[in-house]
Amino acid sequence: MTEIDIEKENKAIAQEYKELLRISYQTLTTEDKKLIRKAFDVSVEAHKEQRRKSGEAYIFHPIAVAKIVASEIGLGATSIAAALLHDVVEDTPTTVKDIERIFNPKVAQLVEGLTKISLVQKDMNVSMQAENFRKMLLTLNDDVRVILIKIADRLHNMQTMESMENHKQVKIASETLYIYAPLAHRLGLYNIKTKLEDLGLKYTEPIVYNNIVSKIKETKEQQDAYIKDISDVIKSSLDAEGVEYVIKGRPKSIYSIRRKMLAQNVSFDEVYDKFALRIVYKANPHDEKFLAWKIYSIVTDHYRPSPSRLRDWISSPKSTGYEALHITVMGPKGRWVEVQVRSERMDEIAEKGYAAHYKYKNGATEEGGLDVWLNLLKEALENSETSAVDFVEDFKMNLYSKEIYVFTPKGDIKSLPKGATSLDFAFGIHSEIGIKTRGTRVNGKLVPLNYELKNGDQVEIITSQNQKPTINWLDYVTTSRAKNKIRNVLNENTKKIAEDGKEVLTRKLKHLKITLNENVVNELVNFFKLKTSLDLFYRVGVGSIENQQLKDYAAQKSNTLINFFKSKMKRSGQTADADLHKQVLSSNYDMLVFGKEQDKLDYKLSACCNPIPGDPVFGFVTINEGIKVHKKDCPNAIAMQSNYAYRIMQAKWIDSSQQEFKAIINITGMDTLGLTNELTKVISNNMQVNIQSISLNGDAGLFKGQLIVVVQNSTILNKLIDNIKKIDGIDKVTRVYKK
């Protein structure tokens, strides 16, 4: 670089630093400014030789992370300093001890936590990404700010990924959608969550992302005009009432539009609530609630609300601390519009989550919703019994679940994830109550332990000192807290019961003239589709494996030899021609090639997304079933690409002319005269489509049909779908994927 370039870069670095101080969310004391200045100087010196893949000086990254920490999360000087220093220990000779000596123990602790996370994620010997996530989340035990700074770091990395190789972009983006976006959501960082999700989609499904972005640009003018129409009407009434407020039009995120398109099987144009109106009002704490309902009243004077879509998170805030009124009203031109009503305090908590929540508590330490959640999270993290993948799945389910609010017999309100059962509620009150639960009453009626609770239910727990959890209880609960507690209790009893079960099994098999040895144990584990011998002995011990099932095993064991010879003879006679045909097919028309070298490998098409030639796909190396091919938009793709990035293979169709694939199509429409005739005519005119089955029925003017066709690739199928859509009276035509 020339001297002029270096001078230019140094000016840009100084400018970024000034910007960081300007946007710092809390009023910085002189001490704070000194701390940040020192952290900046140490970071500049430590990273002076480093450059990012894009070519720019590395120091721009820590400054950008510190800016996100200050402006979007609202953390103080200690966190800003730690963000500036977050890569220093990992990338340079500076140690945590040096940081403690130069700064203070708190900054050193945060930097150490961030270094631990980075080292964990770069350890390629760890067999699963999930294990890395567990270790990362364990740093919550030290200080939640470590995770908040890590989320800021991930956001900046996502914003600057252009110069990376494609497969790395997909891995990082999948990981972001799989764990970082849900974490940001659960910590109340809605702004950051939205950015992470949109950027995640940009790299996992670029075509879909760009398509939605261009359509949003096309419709922006109409949207702005529509928002202005509604705003003008509401403004005049709010002004007349003397309310101090700001109205913002908030477009729906690209990711949530995509999610809605998939969930409802609709096109971009058919997604109606592509934006929301947000009314942010000024209020003192005493009038805050009153004003929210006053604004609700003004909005609904002008526009008819949908009663089923009123969300009152002011009376019962979410456990993340989120408060707001969400009203869905029928706007002009018959379109539903969501109106969000928040005070300035609520708005700041919604945007900045954790940090703002504490700012408004004025440093108080009483347990708020977020503290309770963090304590539950720590409980879940401390239990290392579960496998890492189960742990992450459990954790995610509890992160992303919507909430319901239920009451104790005394009228106290408790929040639980949607889908929680009455037994979850028992564990939610206290582990000891959960373990001793004998029965549950909801709204005065006795209900099963797996009864799914609804908003507003009043729940009473009946306990007994003699009660103990059983293995079935794991099926009765959904929260990770309850599952972990049940597992812990069961594990204590399991070994004792398994020892007794082994003796019982030995005795029972003796009657069937079978000696229990290692080989027989393995066969029984497979026969009952279990995972370990402990599972087998335990089930015998508790009596869930019955005598008849053991007799079935014995009968199958004696038949195995006969079946083996039968199948050999049958196969050699009947399938020789078919095998020869298959060999010819696979040697001349390899459907898929894998990796950069375009290798021709054996594979199976996955049943969860049912790909056909022409669909964008990837290969996934399974443990027992070789390579399985999934569609890139398969519901399981994000989890696979995140957890098992090292087992993902690039895959590409090269020839699909000689093989045929089955596809299922659902059709709905209005039951008009001659529709069936028209439909069969359109299908038969598509020369390369064979109908395997067709079922059509009409009910009260509604037409429903399912079509199973055999096609060679997705181009032919898409052409058929387009032609069916053109038939007068047809409303929707959708391709069905096996669940």
# chains A, B, ... in the order shown; residues from 1 in each chain; ligands from 1
>>> residues_around(residues="A:Ala663", least_positions_apart="5", cutoff="7 Å", atoms="only C-alpha atoms", output="mmCIF file with all heavy atoms, in the first residue's frame")
data_model
loop_
_atom_site.group_PDB
_atom_site.id
_atom_site.type_symbol
_atom_site.label_atom_id
_atom_site.label_comp_id
_atom_site.auth_asym_id
_atom_site.auth_seq_id
_atom_site.Cartn_x
_atom_site.Cartn_y
_atom_site.Cartn_z
ATOM 1 N N ILE A 708 -51.466 -38.037 -8.859
ATOM 2 C CA ILE A 708 -50.111 -38.607 -8.738
ATOM 3 C C ILE A 708 -49.632 -38.889 -10.158
ATOM 4 O O ILE A 708 -50.270 -39.652 -10.897
ATOM 5 C CB ILE A 708 -50.105 -39.883 -7.879
ATOM 6 C CG1 ILE A 708 -50.639 -39.568 -6.473
ATOM 7 C CG2 ILE A 708 -48.692 -40.455 -7.794
ATOM 8 C CD1 ILE A 708 -50.713 -40.736 -5.529
ATOM 9 N N VAL A 709 -48.558 -38.188 -10.552
ATOM 10 C CA VAL A 709 -48.066 -38.316 -11.930
ATOM 11 C C VAL A 709 -46.626 -38.809 -11.919
ATOM 12 O O VAL A 709 -45.908 -38.662 -10.931
ATOM 13 C CB VAL A 709 -48.131 -36.966 -12.685
ATOM 14 C CG1 VAL A 709 -49.560 -36.541 -12.904
ATOM 15 C CG2 VAL A 709 -47.347 -35.886 -11.974
ATOM 16 N N VAL A 710 -46.215 -39.391 -13.040
ATOM 17 C CA VAL A 710 -44.834 -39.839 -13.187
ATOM 18 C C VAL A 710 -44.185 -38.966 -14.257
ATOM 19 O O VAL A 710 -44.688 -38.880 -15.380
ATOM 20 C CB VAL A 710 -44.792 -41.338 -13.575
ATOM 21 C CG1 VAL A 710 -43.367 -41.772 -13.827
ATOM 22 C CG2 VAL A 710 -45.401 -42.183 -12.462
#
>>> residues_around(residues="A:Val233", least_positions_apart="3", cutoff="12 Å", atoms="only C-alpha atoms", output="list in words")
Tyr226, Ile227, Lys228, Asp229, Ile230, Ser236, Ser237, Leu238, Asp239, Ala240, Ile247, Ile298, Val299, Thr300, Asp301, His302, Tyr303, Gly331 and Pro332 of chain A
>>> select_by_dssp(residues="stretch 183-249 of chain A", states="strand (DSSP E or B)", output="list in words")
Tyr245, Val246, Ile247, Lys248 and Gly249 of chain A
>>> residues_around(residues="A:Phe268", least_positions_apart="5", cutoff="9 Å", atoms="only C-alpha atoms", output="list in words")
Ile212, Lys215, Ile257, Arg258 and Met261 of chain A
>>> residues_around(residues="A:Phe528", least_positions_apart="2", cutoff="10 Å", atoms="only C-alpha atoms", output="list in words")
Glu523, Leu524, Val525, Asn526, Leu530, Lys531, Asp535, Leu536, Ile545, Gln549, Leu550 and Tyr553 of chain A
>>> write_last_selection(atoms="N, CA, C and O atoms", output="compact mmCIF listing (two decimals), in the first residue's frame")
# COMPACT_ATOMS: atom_id res chain seq x y z
N GLU A 523 -29.03 -58.77 18.76
CA GLU A 523 -30.20 -59.09 17.92
C GLU A 523 -31.48 -58.54 18.54
O GLU A 523 -32.33 -58.00 17.85
N LEU A 524 -31.61 -58.70 19.87
CA LEU A 524 -32.82 -58.21 20.56
C LEU A 524 -32.91 -56.68 20.50
O LEU A 524 -33.98 -56.11 20.31
N VAL A 525 -31.76 -56.01 20.67
CA VAL A 525 -31.75 -54.53 20.60
C VAL A 525 -32.26 -54.09 19.22
O VAL A 525 -33.09 -53.19 19.11
N ASN A 526 -31.78 -54.76 18.15
CA ASN A 526 -32.25 -54.42 16.80
C ASN A 526 -33.71 -54.80 16.60
O ASN A 526 -34.48 -54.05 16.00
N LEU A 530 -34.21 -50.60 19.57
CA LEU A 530 -33.69 -49.82 20.69
C LEU A 530 -32.27 -49.37 20.37
O LEU A 530 -31.72 -49.73 19.32
N LYS A 531 -31.66 -48.58 21.28
CA LYS A 531 -30.32 -48.07 21.00
C LYS A 531 -29.23 -48.85 21.74
O LYS A 531 -28.16 -49.06 21.20
N ASP A 535 -31.18 -50.07 27.48
CA ASP A 535 -32.60 -49.84 27.13
C ASP A 535 -33.37 -51.16 27.17
O ASP A 535 -34.50 -51.23 27.64
N LEU A 536 -32.74 -52.20 26.62
CA LEU A 536 -33.39 -53.51 26.52
C LEU A 536 -33.67 -54.08 27.92
O LEU A 536 -34.80 -54.44 28.25
N ILE A 545 -41.69 -55.06 27.81
CA ILE A 545 -41.49 -56.09 26.77
C ILE A 545 -42.18 -57.36 27.27
O ILE A 545 -41.84 -57.90 28.32
N GLN A 549 -43.85 -60.97 22.73
CA GLN A 549 -42.85 -60.31 21.87
C GLN A 549 -41.55 -61.12 21.83
O GLN A 549 -40.90 -61.22 20.79
N LEU A 550 -41.19 -61.69 22.99
CA LEU A 550 -39.98 -62.52 23.02
C LEU A 550 -40.19 -63.81 22.21
O LEU A 550 -39.28 -64.28 21.53
N TYR A 553 -39.71 -62.97 18.66
CA TYR A 553 -38.27 -62.89 18.34
C TYR A 553 -37.70 -64.30 18.12
O TYR A 553 -36.98 -64.54 17.16
>>> closest_residue(among="A:Ser714, A:Asn443, A:Ser480, A:Gln169", to="A:Asn455", atoms="only C-alpha atoms")
A:Asn443
>>> residues_around(residues="stretch 695-705 of chain A", least_positions_apart="5", cutoff="6 Å", atoms="only C-alpha atoms", output="VMD selection string")
chain A and resid 666 to 671
>>> closest_residue(among="A:Asp269, A:Glu403, A:Glu175, A:Asp287", to="A:Trp313", atoms="only C-alpha atoms")
A:Glu403
>>> residues_around(residues="stretch 74-80 of chain A", least_positions_apart="4", cutoff="8 Å", atoms="only C-alpha atoms", output="ChimeraX atom specification")
/A:24-26,28,32-33,35-36,66-67,69-70,84,106-107,110,145,149,352,355-356
>>> write_last_selection(atoms="C-alpha atoms", output="PDB file, in the first residue's frame")
ATOM      1  CA  SER A  24     -22.669   5.035  22.504  1.00  0.00           C
ATOM      2  CA  TYR A  25     -26.059   4.420  24.032  1.00  0.00           C
ATOM      3  CA  GLN A  26     -25.319   5.373  27.652  1.00  0.00           C
ATOM      4  CA  LEU A  28     -20.220   7.858  28.912  1.00  0.00           C
ATOM      5  CA  ASP A  32     -15.685   5.042  30.395  1.00  0.00           C
ATOM      6  CA  LYS A  33     -14.127   7.063  27.584  1.00  0.00           C
ATOM      7  CA  LEU A  35     -11.449   2.572  29.053  1.00  0.00           C
ATOM      8  CA  ILE A  36     -12.782   2.526  25.462  1.00  0.00           C
ATOM      9  CA  ALA A  66     -18.400  -2.556  19.217  1.00  0.00           C
ATOM     10  CA  LYS A  67     -20.778  -0.205  17.330  1.00  0.00           C
ATOM     11  CA  VAL A  69     -22.927  -3.660  20.894  1.00  0.00           C
ATOM     12  CA  ALA A  70     -23.334   0.056  21.699  1.00  0.00           C
ATOM     13  CA  LEU A  84     -13.010  -4.067  20.620  1.00  0.00           C
ATOM     14  CA  LYS A 106     -14.471  -7.928  34.165  1.00  0.00           C
ATOM     15  CA  VAL A 107     -13.158  -6.997  30.690  1.00  0.00           C
ATOM     16  CA  LEU A 110     -15.656 -11.234  28.824  1.00  0.00           C
ATOM     17  CA  ARG A 145     -22.936 -10.327  27.809  1.00  0.00           C
ATOM     18  CA  ILE A 149     -21.209  -9.619  22.017  1.00  0.00           C
ATOM     19  CA  LYS A 352     -32.520  -3.589  22.409  1.00  0.00           C
ATOM     20  CA  ALA A 355     -29.818  -4.206  28.115  1.00  0.00           C
ATOM     21  CA  ALA A 356     -32.769  -1.807  27.852  1.00  0.00           C
TER      22      ALA A 356
END
>>> closest_residue(among="A:Ala426, A:Leu601, A:Cys634, A:Leu325", to="A:Pro616", atoms="only C-alpha atoms")
A:Cys634
>>> closest_residue(among="A:Leu85, A:Glu31, A:Ala57, A:Leu605", to="A:Ser43", atoms="only C-alpha atoms")
A:Leu85
>>> closest_residue(among="A:Lys150, A:Lys596, A:Lys418, A:Lys410", to="A:Val477", atoms="only C-alpha atoms")
A:Lys418
